[in-house]
>>> print(open('run_27.pdb').read())   # PDB, C-alpha atoms
ATOM      1  CA  PHE M   1       0.000   0.000   0.000  1.00  0.00           C
ATOM      2  CA  PHE M   2       1.142   3.543  -0.684  1.00  0.00           C
ATOM      3  CA  ALA M   3      -0.311   7.017  -0.425  1.00  0.00           C
ATOM      4  CA  ARG M   4      -1.825   8.083  -3.733  1.00  0.00           C
ATOM      5  CA  ALA M   5      -0.907  11.739  -3.253  1.00  0.00           C
ATOM      6  CA  ARG M   6       2.757  10.903  -2.751  1.00  0.00           C
ATOM      7  CA  GLY M   7       3.091   8.000  -5.154  1.00  0.00           C
ATOM      8  CA  VAL M   8       5.465   5.081  -4.910  1.00  0.00           C
ATOM      9  CA  VAL M   9       8.589   5.874  -2.933  1.00  0.00           C
ATOM     10  CA  LEU M  10      11.625   3.631  -2.642  1.00  0.00           C
ATOM     11  CA  LEU M  11      13.255   4.033   0.749  1.00  0.00           C
ATOM     12  CA  LEU M  12      16.887   3.012   1.068  1.00  0.00           C
ATOM     13  CA  PRO M  13      18.991   3.238   4.199  1.00  0.00           C
ATOM     14  CA  GLY M  14      21.180   6.309   3.844  1.00  0.00           C
ATOM     15  CA  GLY M  15      23.079   6.725   7.064  1.00  0.00           C
ATOM     16  CA  SER M  16      22.263   6.819  10.715  1.00  0.00           C
ATOM     17  CA  PHE M  17      19.496   8.735  12.409  1.00  0.00           C
ATOM     18  CA  GLU M  18      22.044  10.591  14.544  1.00  0.00           C
ATOM     19  CA  ALA M  19      23.850  12.033  11.517  1.00  0.00           C
ATOM     20  CA  ASN M  20      20.534  13.025   9.963  1.00  0.00           C
ATOM     21  CA  LEU M  21      19.462  14.673  13.219  1.00  0.00           C
ATOM     22  CA  ALA M  22      22.785  16.528  13.383  1.00  0.00           C
ATOM     23  CA  ARG M  23      22.240  17.932   9.889  1.00  0.00           C
ATOM     24  CA  ALA M  24      18.699  19.002  10.791  1.00  0.00           C
ATOM     25  CA  LEU M  25      19.898  20.653  14.001  1.00  0.00           C
ATOM     26  CA  ALA M  26      22.629  22.447  12.063  1.00  0.00           C
ATOM     27  CA  VAL M  27      20.019  23.994   9.741  1.00  0.00           C
ATOM     28  CA  LEU M  28      17.922  25.010  12.761  1.00  0.00           C
ATOM     29  CA  PHE M  29      20.981  26.613  14.378  1.00  0.00           C
ATOM     30  CA  PHE M  30      21.574  28.554  11.166  1.00  0.00           C
ATOM     31  CA  ARG M  31      18.055  29.972  11.499  1.00  0.00           C
ATOM     32  CA  LEU M  32      18.842  30.779  15.121  1.00  0.00           C
ATOM     33  CA  ALA M  33      21.928  32.672  13.931  1.00  0.00           C
ATOM     34  CA  VAL M  34      19.704  34.822  11.717  1.00  0.00           C
ATOM     35  CA  LEU M  35      17.402  35.552  14.660  1.00  0.00           C
ATOM     36  CA  ALA M  36      20.387  36.468  16.850  1.00  0.00           C
ATOM     37  CA  ALA M  37      21.734  38.758  14.126  1.00  0.00           C
ATOM     38  CA  ILE M  38      18.352  40.470  13.892  1.00  0.00           C
ATOM     39  CA  GLY M  39      18.281  41.042  17.650  1.00  0.00           C
ATOM     40  CA  LEU M  40      21.843  42.343  17.819  1.00  0.00           C
ATOM     41  CA  THR M  41      21.366  44.660  14.861  1.00  0.00           C
ATOM     42  CA  MET M  42      18.170  46.119  16.264  1.00  0.00           C
ATOM     43  CA  GLY M  43      19.984  46.549  19.598  1.00  0.00           C
ATOM     44  CA  CYS M  44      22.696  48.540  17.812  1.00  0.00           C
ATOM     45  CA  ILE M  45      20.248  50.744  15.966  1.00  0.00           C
ATOM     46  CA  PHE M  46      17.546  51.445  18.556  1.00  0.00           C
ATOM     47  CA  SER M  47      17.128  51.753  22.297  1.00  0.00           C
ATOM     48  CA  THR M  48      16.195  48.581  24.182  1.00  0.00           C
ATOM     49  CA  PRO M  49      12.373  48.810  24.150  1.00  0.00           C
ATOM     50  CA  VAL M  50      12.257  49.882  20.511  1.00  0.00           C
ATOM     51  CA  ALA M  51      14.775  47.169  19.571  1.00  0.00           C
ATOM     52  CA  VAL M  52      12.579  44.511  21.186  1.00  0.00           C
ATOM     53  CA  PHE M  53       9.504  45.605  19.249  1.00  0.00           C
ATOM     54  CA  ALA M  54      11.416  46.009  15.986  1.00  0.00           C
ATOM     55  CA  SER M  55      12.966  42.544  16.384  1.00  0.00           C
ATOM     56  CA  CYS M  56       9.563  41.035  17.136  1.00  0.00           C
ATOM     57  CA  ALA M  57       8.113  42.709  14.039  1.00  0.00           C
ATOM     58  CA  ILE M  58      10.896  41.382  11.800  1.00  0.00           C
ATOM     59  CA  VAL M  59      10.589  37.884  13.278  1.00  0.00           C
ATOM     60  CA  ALA M  60       6.805  38.011  12.744  1.00  0.00           C
ATOM     61  CA  ILE M  61       7.428  38.904   9.098  1.00  0.00           C
ATOM     62  CA  PHE M  62       9.885  35.997   8.797  1.00  0.00           C
ATOM     63  CA  ILE M  63       7.369  33.595  10.349  1.00  0.00           C
ATOM     64  CA  SER M  64       4.520  34.752   8.116  1.00  0.00           C
ATOM     65  CA  GLY M  65       6.499  34.059   4.950  1.00  0.00           C
ATOM     66  CA  GLY M  66       3.993  31.458   3.713  1.00  0.00           C
ATOM     67  CA  PHE M  67       1.128  33.908   4.086  1.00  0.00           C
ATOM     68  CA  ILE M  68       3.111  36.573   2.257  1.00  0.00           C
ATOM     69  CA  ALA M  69       3.836  34.120  -0.577  1.00  0.00           C
ATOM     70  CA  THR M  70       0.138  33.304  -0.837  1.00  0.00           C
ATOM     71  CA  ILE M  71      -0.783  36.966  -1.148  1.00  0.00           C
ATOM     72  CA  ALA M  72       2.034  37.726  -3.600  1.00  0.00           C
ATOM     73  CA  ASN M  73       0.937  34.935  -5.936  1.00  0.00           C
ATOM     74  CA  ALA M  74      -2.834  35.408  -5.548  1.00  0.00           C
ATOM     75  CA  PRO M  75      -4.953  36.422  -8.512  1.00  0.00           C
ATOM     76  CA  THR M  76      -5.827  40.073  -8.851  1.00  0.00           C
ATOM     77  CA  MET M  77      -8.986  41.644  -7.468  1.00  0.00           C
ATOM     78  CA  ASP M  78     -10.399  42.229 -10.973  1.00  0.00           C
ATOM     79  CA  GLN M  79     -12.511  39.091 -10.703  1.00  0.00           C
ATOM     80  CA  HIS M  80     -14.463  40.582  -7.775  1.00  0.00           C
ATOM     81  CA  ARG M  81     -16.437  43.337  -9.503  1.00  0.00           C
ATOM     82  CA  HIS M  82     -18.664  44.047  -6.498  1.00  0.00           C
ATOM     83  CA  VAL M  83     -15.683  45.126  -4.359  1.00  0.00           C
ATOM     84  CA  HIS M  84     -14.681  48.766  -4.726  1.00  0.00           C
ATOM     85  CA  HIS M  85     -10.915  49.136  -4.783  1.00  0.00           C
ATOM     86  CA  ASN M  86      -8.193  51.333  -6.148  1.00  0.00           C
ATOM     87  CA  PRO M  87      -6.245  49.447  -8.870  1.00  0.00           C
ATOM     88  CA  SER M  88      -3.074  51.497  -8.405  1.00  0.00           C
ATOM     89  CA  LEU M  89      -3.108  50.894  -4.644  1.00  0.00           C
ATOM     90  CA  ASP M  90      -3.693  47.199  -5.275  1.00  0.00           C
ATOM     91  CA  ALA M  91      -0.713  47.090  -7.653  1.00  0.00           C
ATOM     92  CA  ALA M  92       1.556  48.939  -5.182  1.00  0.00           C
ATOM     93  CA  ILE M  93       0.650  46.592  -2.333  1.00  0.00           C
ATOM     94  CA  ARG M  94       1.138  43.559  -4.566  1.00  0.00           C
ATOM     95  CA  VAL M  95       4.631  44.813  -5.491  1.00  0.00           C
ATOM     96  CA  GLN M  96       5.481  45.184  -1.795  1.00  0.00           C
ATOM     97  CA  TYR M  97       4.340  41.632  -1.096  1.00  0.00           C
ATOM     98  CA  ARG M  98       6.321  40.308  -4.049  1.00  0.00           C
ATOM     99  CA  VAL M  99       9.467  42.037  -2.790  1.00  0.00           C
ATOM    100  CA  LEU M 100       8.909  40.592   0.691  1.00  0.00           C
ATOM    101  CA  ASP M 101       8.333  37.159  -0.846  1.00  0.00           C
ATOM    102  CA  ALA M 102      11.582  37.434  -2.810  1.00  0.00           C
ATOM    103  CA  ILE M 103      13.436  38.335   0.391  1.00  0.00           C
ATOM    104  CA  LEU M 104      11.878  35.571   2.482  1.00  0.00           C
ATOM    105  CA  SER M 105      11.777  32.700  -0.011  1.00  0.00           C
ATOM    106  CA  PRO M 106      15.392  31.572   0.578  1.00  0.00           C
ATOM    107  CA  VAL M 107      14.679  31.220   4.304  1.00  0.00           C
ATOM    108  CA  ARG M 108      11.446  29.273   3.746  1.00  0.00           C
ATOM    109  CA  GLN M 109      12.994  26.685   1.463  1.00  0.00           C
ATOM    110  CA  PHE M 110      15.004  25.011   4.225  1.00  0.00           C
ATOM    111  CA  ASP M 111      12.363  22.948   6.015  1.00  0.00           C
ATOM    112  CA  VAL M 112      14.100  20.101   7.821  1.00  0.00           C
ATOM    113  CA  ILE M 113      11.373  19.166  10.287  1.00  0.00           C
ATOM    114  CA  GLY M 114       9.139  17.506   7.661  1.00  0.00           C
ATOM    115  CA  PRO M 115      11.825  15.253   6.143  1.00  0.00           C
ATOM    116  CA  LEU M 116      13.100  14.378   9.613  1.00  0.00           C
ATOM    117  CA  GLN M 117       9.596  13.339  10.714  1.00  0.00           C
ATOM    118  CA  ARG M 118       9.104  11.241   7.585  1.00  0.00           C
ATOM    119  CA  GLY M 119      12.451   9.500   8.109  1.00  0.00           C
ATOM    120  CA  GLU M 120      13.961  10.917   4.927  1.00  0.00           C
ATOM    121  CA  SER M 121      17.641  11.669   4.668  1.00  0.00           C
ATOM    122  CA  ILE M 122      18.754  15.291   4.716  1.00  0.00           C
ATOM    123  CA  PRO M 123      21.709  15.617   2.315  1.00  0.00           C
ATOM    124  CA  TRP M 124      24.754  17.736   3.020  1.00  0.00           C
ATOM    125  CA  MET M 125      24.263  20.026   0.021  1.00  0.00           C
ATOM    126  CA  PRO M 126      21.080  21.715   1.350  1.00  0.00           C
ATOM    127  CA  VAL M 127      22.807  22.088   4.731  1.00  0.00           C
ATOM    128  CA  ALA M 128      25.736  23.856   3.060  1.00  0.00           C
ATOM    129  CA  LYS M 129      23.331  25.975   1.015  1.00  0.00           C
ATOM    130  CA  ALA M 130      21.427  26.904   4.182  1.00  0.00           C
ATOM    131  CA  PHE M 131      24.720  27.928   5.801  1.00  0.00           C
ATOM    132  CA  MET M 132      25.672  30.105   2.858  1.00  0.00           C
ATOM    133  CA  ILE M 133      22.283  31.821   2.567  1.00  0.00           C
ATOM    134  CA  GLN M 134      21.275  32.142   6.218  1.00  0.00           C
ATOM    135  CA  VAL M 135      24.535  32.568   8.099  1.00  0.00           C
ATOM    136  CA  ILE M 136      26.731  34.286   5.552  1.00  0.00           C
ATOM    137  CA  GLY M 137      23.987  36.030   3.559  1.00  0.00           C
ATOM    138  CA  TYR M 138      21.289  37.204   5.938  1.00  0.00           C
ATOM    139  CA  SER M 139      23.342  37.307   9.145  1.00  0.00           C
ATOM    140  CA  GLY M 140      26.183  38.976   7.259  1.00  0.00           C
ATOM    141  CA  LEU M 141      23.861  41.685   5.940  1.00  0.00           C
ATOM    142  CA  PHE M 142      22.499  42.352   9.423  1.00  0.00           C
ATOM    143  CA  CYS M 143      26.070  42.400  10.763  1.00  0.00           C
ATOM    144  CA  LEU M 144      27.156  44.944   8.148  1.00  0.00           C
ATOM    145  CA  LEU M 145      24.132  47.098   8.952  1.00  0.00           C
ATOM    146  CA  GLY M 146      24.970  46.992  12.682  1.00  0.00           C
ATOM    147  CA  VAL M 147      28.624  47.843  12.033  1.00  0.00           C
ATOM    148  CA  ALA M 148      27.638  50.758   9.782  1.00  0.00           C
ATOM    149  CA  VAL M 149      25.327  52.151  12.450  1.00  0.00           C
ATOM    150  CA  LEU M 150      27.895  51.763  15.224  1.00  0.00           C
ATOM    151  CA  ARG M 151      30.559  53.532  13.167  1.00  0.00           C
ATOM    152  CA  ARG M 152      28.327  56.562  12.705  1.00  0.00           C
ATOM    153  CA  ARG M 153      27.041  56.673  16.281  1.00  0.00           C
ATOM    154  CA  GLU M 154      28.793  58.893  18.769  1.00  0.00           C
ATOM    155  CA  LEU M 155      29.157  56.996  21.976  1.00  0.00           C
ATOM    156  CA  GLY M 156      28.872  58.969  25.189  1.00  0.00           C
ATOM    157  CA  MET M 157      32.161  59.622  26.927  1.00  0.00           C
ATOM    158  CA  ALA M 158      32.626  60.544  30.538  1.00  0.00           C
ATOM    159  CA  GLY M 159      33.052  64.285  31.067  1.00  0.00           C
ATOM    160  CA  GLU M 160      36.234  65.644  32.523  1.00  0.00           C
TER     161      GLU M 160
END
>>> encode(input="run_27.pdb", output="structure tokens")
Amino acid sequence: FFARARGVVLLLPGGSFEANLARALAVLFFRLAVLAAIGLTMGCIFSTPVAVFASCAIVAIFISGGFIATIANAPTMDQHRHVHHNPSLDAAIRVQYRVLDAILSPVRQFDVIGPLQRGESIPWMPVAKAFMIQVIGYSGLFCLLGVAVLRRRELGMAGE
């Protein structure tokens, strides 16, 4: 018996569960590195309460990536004639969602929980790709932004 939606799948042993779990945990730690970079960058730019709210907003945007992709790829509102809308405003908002989807799609593509639950092997190439995109790409961009802000900021010095 096999699931009709998935089709016939040939499962071959491809290493130990521990190595597969280590690769999955590595990808999850890469995502944690992005979250830490977001928090540190917001801490460099803003005061503590504002940095907390800004970090939470960015993390909420990262988490809602699937919703953003759904909106970016949805059909236009032209099919709903009974709804009054502004076409130029609709086009501007759709462009914003498409830009957000383009930014967030590399982060969304590294889902390791599903394959780990199904017992599928997680190859090393997606782990290396996740490292390059998430740690070096996204965390590096946030690091450069934090460094640029700290270089321009005048730190308070004790008066003489």
>>> residues_around(input="run_27.pdb", residues="stretch 19-24 of chain M", least_positions_apart="4", cutoff="8 Å", atoms="only C-alpha atoms", output="PyMOL selection string")
chain M and resi 15+28+112-113+116+121-124+127
>>> closest_residue(input="run_27.pdb", among="M:Gly43, M:Pro75, M:Gly119, M:Gly66", to="M:Gly146", atoms="only C-alpha atoms")
M:Gly43
>>> closest_residue(input="run_27.pdb", among="M:Arg98, M:Pro49, M:Glu120, M:Pro13", to="M:Ala72", atoms="only C-alpha atoms")
M:Arg98
>>> atom_distance(input="run_27.pdb", atom1="atom CA of M:Ser55", atom2="atom CA of M:Ala37")
9.8 Å
>>> residues_around(input="run_27.pdb", residues="M:Val27", least_positions_apart="2", cutoff="9 Å", atoms="only C-alpha atoms", output="PyMOL selection string")
chain M and resi 22-25+29-32+110-112+126-128+130-131+134
>>> resolve_selection(input="run_27.pdb", expression="the PyMOL selection byres ((chain M and resi 71) around 12)", output="ChimeraX atom specification")
/M:64-70,72-77,90,93-101
>>> atom_distance(input="run_27.pdb", atom1="atom CA of M:Gly39", atom2="atom CA of M:Tyr138")
12.7 Å
>>> atom_distance(input="run_27.pdb", atom1="atom CA of M:Phe62", atom2="atom CA of M:Val149")
22.6 Å
>>> closest_residue(input="run_27.pdb", among="M:Ala3, M:Cys44, M:Leu89, M:Ala51", to="M:Arg151", atoms="all atoms listed in the file")
M:Cys44
